[in-house]
Amino acid sequence: MNKPWRPLTRKLKIPAAILSPYRLLIFIRVVVLGLFLAWRVTNPNKDAIWLWGMSVVCEIWFAFSWLLDQLPKLCPINRATDLNVLKEKFETLSPSNPTGKSDLPGIDVFVSTADPEKEPPLVTANTILSILAANYPVEKLACYVSDDGGALLTFEAMAEAASFANVWVPFCRKHDIEPRNPESYFNLKRDPYKNKVKPDFVKDRRRVKREYDEFKVRTNGLPDSIRRRSDAFHAREEIKAMKLQRQNRGDEPIDSVKIPKATWMADGTHWPGTWLNPSTDHSRGDHAGIIQVMLKPPSDEPLHGTAEDGLIDLTDVDIRLPLLVYVSREKRPGYDHNKKAGAMNALVRASAIMSNGPFILNLDCDHYIYNSQAMREGMCFMMDRGGDRLCYVQFPQRFEGIDPSDRYANHNTVFFDVNMRALDGLMGPVYVGTGCLFRRIALYGFDPPRSKEHHAGCCSCCFGRSRKHSSMAHTPEENRALRMGDSDDEEMNLSLLPKRFGNSTFLIDSIPVAEFQGRPLADHPAVKNGRPPGALTIPRELLDASTVAEAISVISCWYEDKTEWGQRVGWIYGSVTEDVVTGYRMHNRGWKSVYCVTKRDAFRGTAPINLTDRLHQVLRWATGSVEIFFSRNNALLASPRMKLLQRIAYLNVGIYPFTSIFLIVYCFLPALSLFSGQFIVQTLNVTFLTYLLIITVTLCLLAVLEIKWSGIELEEWWRNEQFWLIGGTSAHLAAVLQGLLKVIAGIEISFTLTSKSAGDDLDDEFADLYIVRWTSLMIPPITIMMVNLIAIAVGFSRTVYSVIPQWSRLLGGVFFSFWVLAHLYPFAKGLMGRRGRTPTIVFVWSGLIAITISLLWVAINPPSGTNQIGGSFQFP
């Protein structure tokens, strides 16, 4: 008799008392919007037909845009995991696992960095340390650091981190430390001794803290250390060259010797990557590929420490460390290296050869593991029944260092806690670039298993044989099961895979192994395409020189030539938002994804709190969306495998920046109404006001219900509304212009900083919030604010001094002007800096815009005479 099935995850349904009214309100608002727009079209304002026409066009677009955003929210769900069941199934003694070793699949963690000046190595090192100390079987975990800048500074900082990990990781395991990022842990404001019972904790913490302080000093001193070392070696080489020249020339005059100023490693050899003084073969876009194993693969058996092992007593503590590898792919002039997407694909190939974890966790260098159990939480979904059809598990992004009021909606909670939960009820959330646990075989471009009823899986293999000879484990029928592409009928034999993946035999042989290891446990008849229990308790192969050499070859520039890397395999090229496109391609092939919100945040990172940095961040996202809209990744071209609501969600991803065009126009309409003395409707009659009231009330009620089922706060929702208008009138409009110019004329435009005003309060952790850096993105919002303020003054003056005041028209225009200004308030506050110290450039632009608008309006509608009765600007 089969044991009862115990699921690893469960869905937490939204209460019907919330979800049913929520859906009903959506239906009501759709109906009312339809009736309102029909009434607006059939009741034009003949006195100001131009004003009426612009407003109707904008309102129709806003209704369409709201519908695209709202429809995918019809089926929100929450999920929960059961880590106890995971431990029972995969890490408990059983007849199929008599040794009790972990039967969990391996995870390769990717950390990407590109510039040690913009991304401090100390931050990256802390992220690495949090990964090495994660609560996951040591022998199943590997960490790969991608340094796309090829900097010796990053390399040596990782070496320092690897050394400090020998102290930090056992300390975390011994005392169950959270979080396992040393910088965050030692800066905790809560009591660090809470729930600590071991008497030596205080002594251990003090010693590790002192060791960490020394580690920080060494890491921060690396730039000077590398420079001094390089100067010393360079001087030595010059002296050698001069001595050699004297010996060869005798008494002849000696010319000055010029030797390239190389960057030297500690062992007295040239750094093969980028030099401090760039040179041929040693610059950011021209250097050799580098792979360095910082921490070798751990042994399969636990290795317990002793009281004499180091700073602290490590008796009965496993002191093994996971595999840590530094990777810098080869770069050469004349090649398109495809930015971050290309770096990630290089990691995919190198890791497949060196460790071949069937799952890949992707993290930014400033996004560290805050919950040491996060990987286990994600694995609950992958190893559950039907989990083999999941391409990735996306975790929410949580941020530290945000100002308490979150002035620019940096937490982005409406997106992560409302939109993403809602998408989880469809085919799954979009991929947002970090904090995502991937199934390796899905990244390879394969279709999900059971995409046809007769198809049992992506492939089959017999685990336990050598990776180098794994193709011998396949029957011809199993080889034919390796399927790729967008067509159900397309099947590929292993011999054809080099055309897609390149000519590395190691890489090709690793594919079926990764597929097999990533399957759920076949511990119940209901589990389809499962693997036998205990199959992954076999020791992993050791790394040898030939394996590392092969890994170096697959990160070369030429490896991707005439393959499908970046086209259908790995991270997809051609967009600055490669993350969204990569997730879209997986969903388009029929894969599903899930959203994992843990009780304790899984990961935490940093976000820009400065207005200019935030606008440029939003500009990059919006530009990527415009690129998606004009590419073959447009959801209108999606395959039949993608569900309708998921298609609508992806269509909204590509189309939302275009709302900025209509938003800009609509933000000027109140001012135009006040300038002209007209309004978007003939009169403020009961029908118009009733429709307006119902639309506003339903929007507020929907917001309240979203707040209830998502757990966000009202202030967060309002901040999101404010920044929607700020971003829509600045960065989104610039993104549309960039996208159109790129598509039509092939012109690339970048918005750069043109002036800077620095803060002087170094003790304030939010000092950057008050720094004002001028950028052209600020021009449209400033113009909108100034025009609306001038229009309010003009409209009020006209009405007060008019013979027959028309207060209704003034009220309508002023109300909507205040609505615009209320949304732009955080933007205006950001321009003021701290204590009103606004940069002069802001006043210059504001004054020029105000004067231009005033003169332009006088030229368009000049007053007929100052003494005319009933004139537009008559004064007593």
# chains A, B, ... in the order shown; residues from 1 in each chain; ligands from 1
call {"tool": "select_by_dssp", "arguments": {"residues": "range 30-185 of chain A", "states": "strand (DSSP E or B)", "output": "JSON, numbers by chain"}}
result
{"A": [78, 79, 80, 81, 94, 97, 107, 108, 109, 110, 111, 112, 113, 141, 142, 143, 144, 145, 146, 147, 151]}
call {"tool": "residues_around", "arguments": {"residues": "range 320-331 of chain A", "least_positions_apart": "4", "cutoff": "9 Å", "atoms": "only C-alpha atoms", "output": "ChimeraX atom specification"}}
result
/A:128,131-133,137-151,155,158,162,165-166,169-170,273,281,283-299,302-304,335,337,343,346-347,350,355,552,554-557
call {"tool": "closest_residue", "arguments": {"among": "A:Asp336, A:Asp313, A:Asp424, A:Glu713", "to": "Lys11 in chain A", "atoms": "only C-alpha atoms"}}
result
A:Asp424
call {"tool": "closest_residue", "arguments": {"among": "A:His270, A:His367, A:Lys73, A:His282", "to": "Arg604 in chain A", "atoms": "only C-alpha atoms"}}
result
A:His367
call {"tool": "residues_around", "arguments": {"residues": "range 721-728 of chain A", "least_positions_apart": "2", "cutoff": "9 Å", "atoms": "only C-alpha atoms", "output": "PyMOL selection string"}}
result
chain A and resi 407-409+615+618-619+657-661+663-664+716-719+730-733+781+820+822-827
call {"tool": "write_last_selection", "arguments": {"atoms": "N, CA, C and O atoms", "output": "mmCIF file, in the first residue's frame"}}
result
data_model
loop_
_atom_site.group_PDB
_atom_site.id
_atom_site.type_symbol
_atom_site.label_atom_id
_atom_site.label_comp_id
_atom_site.auth_asym_id
_atom_site.auth_seq_id
_atom_site.Cartn_x
_atom_site.Cartn_y
_atom_site.Cartn_z
ATOM 1 N N ARG A 407 10.297 57.852 -0.845
ATOM 2 C CA ARG A 407 9.821 58.980 -1.650
ATOM 3 C C ARG A 407 9.586 58.613 -3.105
ATOM 4 O O ARG A 407 8.608 59.050 -3.713
ATOM 5 N N TYR A 408 10.461 57.791 -3.689
ATOM 6 C CA TYR A 408 10.364 57.474 -5.117
ATOM 7 C C TYR A 408 9.931 56.031 -5.365
ATOM 8 O O TYR A 408 10.252 55.455 -6.406
ATOM 9 N N ALA A 409 9.204 55.451 -4.418
ATOM 10 C CA ALA A 409 8.650 54.098 -4.572
ATOM 11 C C ALA A 409 9.734 53.091 -4.939
ATOM 12 O O ALA A 409 9.532 52.220 -5.792
ATOM 13 N N LEU A 615 15.362 57.739 -11.879
ATOM 14 C CA LEU A 615 14.803 58.007 -13.204
ATOM 15 C C LEU A 615 15.573 57.259 -14.289
ATOM 16 O O LEU A 615 14.980 56.724 -15.232
ATOM 17 N N VAL A 618 14.552 53.597 -14.214
ATOM 18 C CA VAL A 618 13.251 53.412 -14.862
ATOM 19 C C VAL A 618 13.380 53.591 -16.369
ATOM 20 O O VAL A 618 12.713 52.901 -17.152
ATOM 21 N N LEU A 619 14.245 54.504 -16.804
ATOM 22 C CA LEU A 619 14.474 54.707 -18.238
ATOM 23 C C LEU A 619 15.004 53.431 -18.888
ATOM 24 O O LEU A 619 14.559 53.057 -19.980
ATOM 25 N N PRO A 657 5.121 51.865 -21.699
ATOM 26 C CA PRO A 657 5.793 53.167 -21.861
ATOM 27 C C PRO A 657 5.051 54.123 -22.793
ATOM 28 O O PRO A 657 5.174 55.344 -22.657
ATOM 29 N N PHE A 658 4.261 53.597 -23.739
ATOM 30 C CA PHE A 658 3.565 54.462 -24.684
ATOM 31 C C PHE A 658 2.452 55.270 -24.018
ATOM 32 O O PHE A 658 1.996 56.264 -24.584
ATOM 33 N N THR A 659 2.046 54.857 -22.822
ATOM 34 C CA THR A 659 1.053 55.637 -22.072
ATOM 35 C C THR A 659 1.582 57.025 -21.762
ATOM 36 O O THR A 659 0.805 57.967 -21.568
ATOM 37 N N SER A 660 2.907 57.177 -21.734
ATOM 38 C CA SER A 660 3.494 58.473 -21.389
ATOM 39 C C SER A 660 3.082 59.561 -22.381
ATOM 40 O O SER A 660 2.922 60.727 -21.987
ATOM 41 N N ILE A 661 2.907 59.206 -23.643
ATOM 42 C CA ILE A 661 2.507 60.212 -24.644
ATOM 43 C C ILE A 661 1.169 60.820 -24.271
ATOM 44 O O ILE A 661 0.992 62.050 -24.270
ATOM 45 N N LEU A 663 -0.264 60.573 -21.312
ATOM 46 C CA LEU A 663 -0.201 61.133 -19.962
ATOM 47 C C LEU A 663 0.328 62.561 -19.982
ATOM 48 O O LEU A 663 -0.176 63.434 -19.262
ATOM 49 N N ILE A 664 1.335 62.813 -20.805
ATOM 50 C CA ILE A 664 1.876 64.165 -20.940
ATOM 51 C C ILE A 664 0.779 65.121 -21.418
ATOM 52 O O ILE A 664 0.585 66.212 -20.870
ATOM 53 N N GLU A 716 2.201 52.856 0.570
ATOM 54 C CA GLU A 716 2.987 52.274 -0.513
ATOM 55 C C GLU A 716 2.219 52.343 -1.835
ATOM 56 O O GLU A 716 2.803 52.601 -2.893
ATOM 57 N N TRP A 717 0.898 52.108 -1.763
ATOM 58 C CA TRP A 717 0.079 52.201 -2.975
ATOM 59 C C TRP A 717 0.088 53.635 -3.513
ATOM 60 O O TRP A 717 0.211 53.851 -4.715
ATOM 61 N N TRP A 718 -0.010 54.620 -2.615
ATOM 62 C CA TRP A 718 -0.037 56.018 -3.046
ATOM 63 C C TRP A 718 1.313 56.443 -3.611
ATOM 64 O O TRP A 718 1.385 57.161 -4.606
ATOM 65 N N ARG A 719 2.395 55.993 -2.992
ATOM 66 C CA ARG A 719 3.718 56.306 -3.526
ATOM 67 C C ARG A 719 3.872 55.724 -4.937
ATOM 68 O O ARG A 719 4.478 56.350 -5.818
ATOM 69 N N SER A 730 8.471 61.454 -17.612
ATOM 70 C CA SER A 730 9.907 61.701 -17.789
ATOM 71 C C SER A 730 10.582 60.517 -18.473
ATOM 72 O O SER A 730 10.798 60.525 -19.687
ATOM 73 N N ALA A 731 10.896 59.477 -17.705
ATOM 74 C CA ALA A 731 11.677 58.361 -18.230
ATOM 75 C C ALA A 731 10.932 57.577 -19.301
ATOM 76 O O ALA A 731 11.520 57.161 -20.298
ATOM 77 N N HIS A 732 9.634 57.359 -19.108
ATOM 78 C CA HIS A 732 8.885 56.563 -20.080
ATOM 79 C C HIS A 732 8.814 57.270 -21.431
ATOM 80 O O HIS A 732 8.952 56.635 -22.491
ATOM 81 N N LEU A 733 8.610 58.574 -21.412
ATOM 82 C CA LEU A 733 8.564 59.334 -22.663
ATOM 83 C C LEU A 733 9.916 59.277 -23.373
ATOM 84 O O LEU A 733 9.988 59.081 -24.597
ATOM 85 N N PRO A 781 8.579 66.998 -16.461
ATOM 86 C CA PRO A 781 7.830 67.230 -15.218
ATOM 87 C C PRO A 781 7.906 68.675 -14.731
ATOM 88 O O PRO A 781 6.914 69.214 -14.226
ATOM 89 N N VAL A 820 -2.701 66.765 -10.662
ATOM 90 C CA VAL A 820 -1.393 66.601 -11.298
ATOM 91 C C VAL A 820 -0.282 67.010 -10.340
ATOM 92 O O VAL A 820 0.719 66.289 -10.168
ATOM 93 N N ALA A 822 -0.294 67.160 -7.087
ATOM 94 C CA ALA A 822 -0.190 66.258 -5.934
ATOM 95 C C ALA A 822 0.636 65.030 -6.285
ATOM 96 O O ALA A 822 1.420 64.529 -5.463
ATOM 97 N N HIS A 823 0.488 64.530 -7.503
ATOM 98 C CA HIS A 823 1.268 63.376 -7.925
ATOM 99 C C HIS A 823 2.742 63.747 -8.139
ATOM 100 O O HIS A 823 3.623 62.899 -7.941
ATOM 101 N N LEU A 824 2.996 64.970 -8.528
ATOM 102 C CA LEU A 824 4.378 65.401 -8.785
ATOM 103 C C LEU A 824 5.063 65.959 -7.543
ATOM 104 O O LEU A 824 6.208 66.407 -7.622
ATOM 105 N N TYR A 825 4.394 65.924 -6.404
ATOM 106 C CA TYR A 825 4.965 66.498 -5.182
ATOM 107 C C TYR A 825 6.320 65.875 -4.807
ATOM 108 O O TYR A 825 7.267 66.608 -4.492
ATOM 109 N N PRO A 826 6.479 64.526 -4.828
ATOM 110 C CA PRO A 826 7.806 63.974 -4.505
ATOM 111 C C PRO A 826 8.891 64.458 -5.466
ATOM 112 O O PRO A 826 10.044 64.662 -5.056
ATOM 113 N N PHE A 827 8.533 64.646 -6.735
ATOM 114 C CA PHE A 827 9.500 65.158 -7.706
ATOM 115 C C PHE A 827 9.921 66.576 -7.343
ATOM 116 O O PHE A 827 11.114 66.904 -7.355
#
call {"tool": "select_by_dssp", "arguments": {"residues": "range 40-245 of chain A", "states": "helix (DSSP H, G or I)", "output": "PyMOL selection string"}}
result
chain A and resi 40-42+46-73+83-90+121-132+138-140+152-175+182-186+201-220+222-245
call {"tool": "residues_around", "arguments": {"residues": "Phe816 in chain A", "least_positions_apart": "6", "cutoff": "10 Å", "atoms": "only C-alpha atoms", "output": "PDB file with all heavy atoms, in the first residue's frame"}}
result
ATOM      1  N   TYR A 666      -2.443  64.759 -21.191  1.00  0.00           N
ATOM      2  CA  TYR A 666      -3.516  64.886 -20.205  1.00  0.00           C
ATOM      3  C   TYR A 666      -3.101  65.767 -19.032  1.00  0.00           C
ATOM      4  O   TYR A 666      -3.939  66.427 -18.421  1.00  0.00           O
ATOM      5  CB  TYR A 666      -3.931  63.503 -19.701  1.00  0.00           C
ATOM      6  CG  TYR A 666      -5.392  63.413 -19.324  1.00  0.00           C
ATOM      7  CD1 TYR A 666      -6.373  63.400 -20.303  1.00  0.00           C
ATOM      8  CD2 TYR A 666      -5.789  63.355 -17.994  1.00  0.00           C
ATOM      9  CE1 TYR A 666      -7.717  63.319 -19.982  1.00  0.00           C
ATOM     10  CE2 TYR A 666      -7.125  63.281 -17.650  1.00  0.00           C
ATOM     11  CZ  TYR A 666      -8.086  63.263 -18.650  1.00  0.00           C
ATOM     12  OH  TYR A 666      -9.414  63.195 -18.320  1.00  0.00           O
ATOM     13  N   CYS A 667      -1.815  65.758 -18.704  1.00  0.00           N
ATOM     14  CA  CYS A 667      -1.336  66.609 -17.611  1.00  0.00           C
ATOM     15  C   CYS A 667      -1.348  68.090 -18.002  1.00  0.00           C
ATOM     16  O   CYS A 667      -1.384  68.961 -17.125  1.00  0.00           O
ATOM     17  CB  CYS A 667       0.079  66.196 -17.193  1.00  0.00           C
ATOM     18  SG  CYS A 667       0.137  64.665 -16.241  1.00  0.00           S
ATOM     19  N   PHE A 668      -1.303  68.384 -19.302  1.00  0.00           N
ATOM     20  CA  PHE A 668      -1.395  69.774 -19.759  1.00  0.00           C
ATOM     21  C   PHE A 668      -2.840  70.228 -19.946  1.00  0.00           C
ATOM     22  O   PHE A 668      -3.105  71.431 -20.006  1.00  0.00           O
ATOM     23  CB  PHE A 668      -0.640  69.948 -21.086  1.00  0.00           C
ATOM     24  CG  PHE A 668       0.843  70.091 -20.926  1.00  0.00           C
ATOM     25  CD1 PHE A 668       1.713  69.132 -21.412  1.00  0.00           C
ATOM     26  CD2 PHE A 668       1.378  71.208 -20.282  1.00  0.00           C
ATOM     27  CE1 PHE A 668       3.089  69.264 -21.278  1.00  0.00           C
ATOM     28  CE2 PHE A 668       2.749  71.355 -20.140  1.00  0.00           C
ATOM     29  CZ  PHE A 668       3.606  70.382 -20.628  1.00  0.00           C
ATOM     30  N   LEU A 669      -3.775  69.300 -20.056  1.00  0.00           N
ATOM     31  CA  LEU A 669      -5.169  69.681 -20.324  1.00  0.00           C
ATOM     32  C   LEU A 669      -5.773  70.585 -19.255  1.00  0.00           C
ATOM     33  O   LEU A 669      -6.479  71.549 -19.590  1.00  0.00           O
ATOM     34  CB  LEU A 669      -6.022  68.418 -20.509  1.00  0.00           C
ATOM     35  CG  LEU A 669      -5.817  67.655 -21.815  1.00  0.00           C
ATOM     36  CD1 LEU A 669      -6.766  66.468 -21.884  1.00  0.00           C
ATOM     37  CD2 LEU A 669      -6.011  68.556 -23.020  1.00  0.00           C
ATOM     38  N   PRO A 670      -5.545  70.336 -17.946  1.00  0.00           N
ATOM     39  CA  PRO A 670      -6.093  71.267 -16.952  1.00  0.00           C
ATOM     40  C   PRO A 670      -5.576  72.691 -17.156  1.00  0.00           C
ATOM     41  O   PRO A 670      -6.340  73.658 -17.019  1.00  0.00           O
ATOM     42  CB  PRO A 670      -5.620  70.692 -15.614  1.00  0.00           C
ATOM     43  CG  PRO A 670      -5.360  69.249 -15.890  1.00  0.00           C
ATOM     44  CD  PRO A 670      -4.878  69.190 -17.302  1.00  0.00           C
ATOM     45  N   ALA A 671      -4.276  72.815 -17.487  1.00  0.00           N
ATOM     46  CA  ALA A 671      -3.711  74.148 -17.705  1.00  0.00           C
ATOM     47  C   ALA A 671      -4.319  74.787 -18.945  1.00  0.00           C
ATOM     48  O   ALA A 671      -4.660  75.985 -18.947  1.00  0.00           O
ATOM     49  CB  ALA A 671      -2.191  74.049 -17.844  1.00  0.00           C
ATOM     50  N   SER A 673      -7.233  74.247 -20.114  1.00  0.00           N
ATOM     51  CA  SER A 673      -8.603  74.627 -19.756  1.00  0.00           C
ATOM     52  C   SER A 673      -8.622  75.964 -19.028  1.00  0.00           C
ATOM     53  O   SER A 673      -9.458  76.832 -19.294  1.00  0.00           O
ATOM     54  CB  SER A 673      -9.221  73.544 -18.869  1.00  0.00           C
ATOM     55  OG  SER A 673      -9.345  72.329 -19.566  1.00  0.00           O
ATOM     56  N   ASN A 788       1.064  74.366 -15.023  1.00  0.00           N
ATOM     57  CA  ASN A 788      -0.149  74.234 -14.215  1.00  0.00           C
ATOM     58  C   ASN A 788      -0.234  75.305 -13.137  1.00  0.00           C
ATOM     59  O   ASN A 788      -1.317  75.827 -12.848  1.00  0.00           O
ATOM     60  CB  ASN A 788      -0.223  72.841 -13.587  1.00  0.00           C
ATOM     61  CG  ASN A 788      -0.826  71.812 -14.515  1.00  0.00           C
ATOM     62  OD1 ASN A 788      -2.047  71.684 -14.608  1.00  0.00           O
ATOM     63  ND2 ASN A 788       0.030  71.077 -15.215  1.00  0.00           N
ATOM     64  N   ALA A 822      -0.294  67.160  -7.087  1.00  0.00           N
ATOM     65  CA  ALA A 822      -0.190  66.258  -5.934  1.00  0.00           C
ATOM     66  C   ALA A 822       0.636  65.030  -6.285  1.00  0.00           C
ATOM     67  O   ALA A 822       1.420  64.529  -5.463  1.00  0.00           O
ATOM     68  CB  ALA A 822      -1.581  65.844  -5.466  1.00  0.00           C
TER      69      ALA A 822
END
call {"tool": "residues_around", "arguments": {"residues": "Gln394 in chain A", "least_positions_apart": "5", "cutoff": "8 Å", "atoms": "only C-alpha atoms", "output": "list in words"}}
result
Pro429, Val430, Tyr431, Val432, Gly435, Cys436, Leu437, Ser593, Val594, Tyr595 and Cys596 of chain A
call {"tool": "write_last_selection", "arguments": {"atoms": "C-alpha atoms", "output": "mmCIF file, in the first residue's frame"}}
result
data_model
loop_
_atom_site.group_PDB
_atom_site.id
_atom_site.type_symbol
_atom_site.label_atom_id
_atom_site.label_comp_id
_atom_site.auth_asym_id
_atom_site.auth_seq_id
_atom_site.Cartn_x
_atom_site.Cartn_y
_atom_site.Cartn_z
ATOM 1 C CA PRO A 429 5.494 35.632 -12.784
ATOM 2 C CA VAL A 430 7.896 37.335 -15.164
ATOM 3 C CA TYR A 431 11.640 37.004 -14.602
ATOM 4 C CA VAL A 432 12.987 40.211 -13.044
ATOM 5 C CA GLY A 435 16.675 36.291 -7.081
ATOM 6 C CA CYS A 436 15.535 33.611 -9.510
ATOM 7 C CA LEU A 437 16.072 29.830 -9.284
ATOM 8 C CA SER A 593 6.936 29.569 -13.208
ATOM 9 C CA VAL A 594 5.966 30.258 -9.598
ATOM 10 C CA TYR A 595 6.357 33.124 -7.160
ATOM 11 C CA CYS A 596 7.890 32.269 -3.796
#
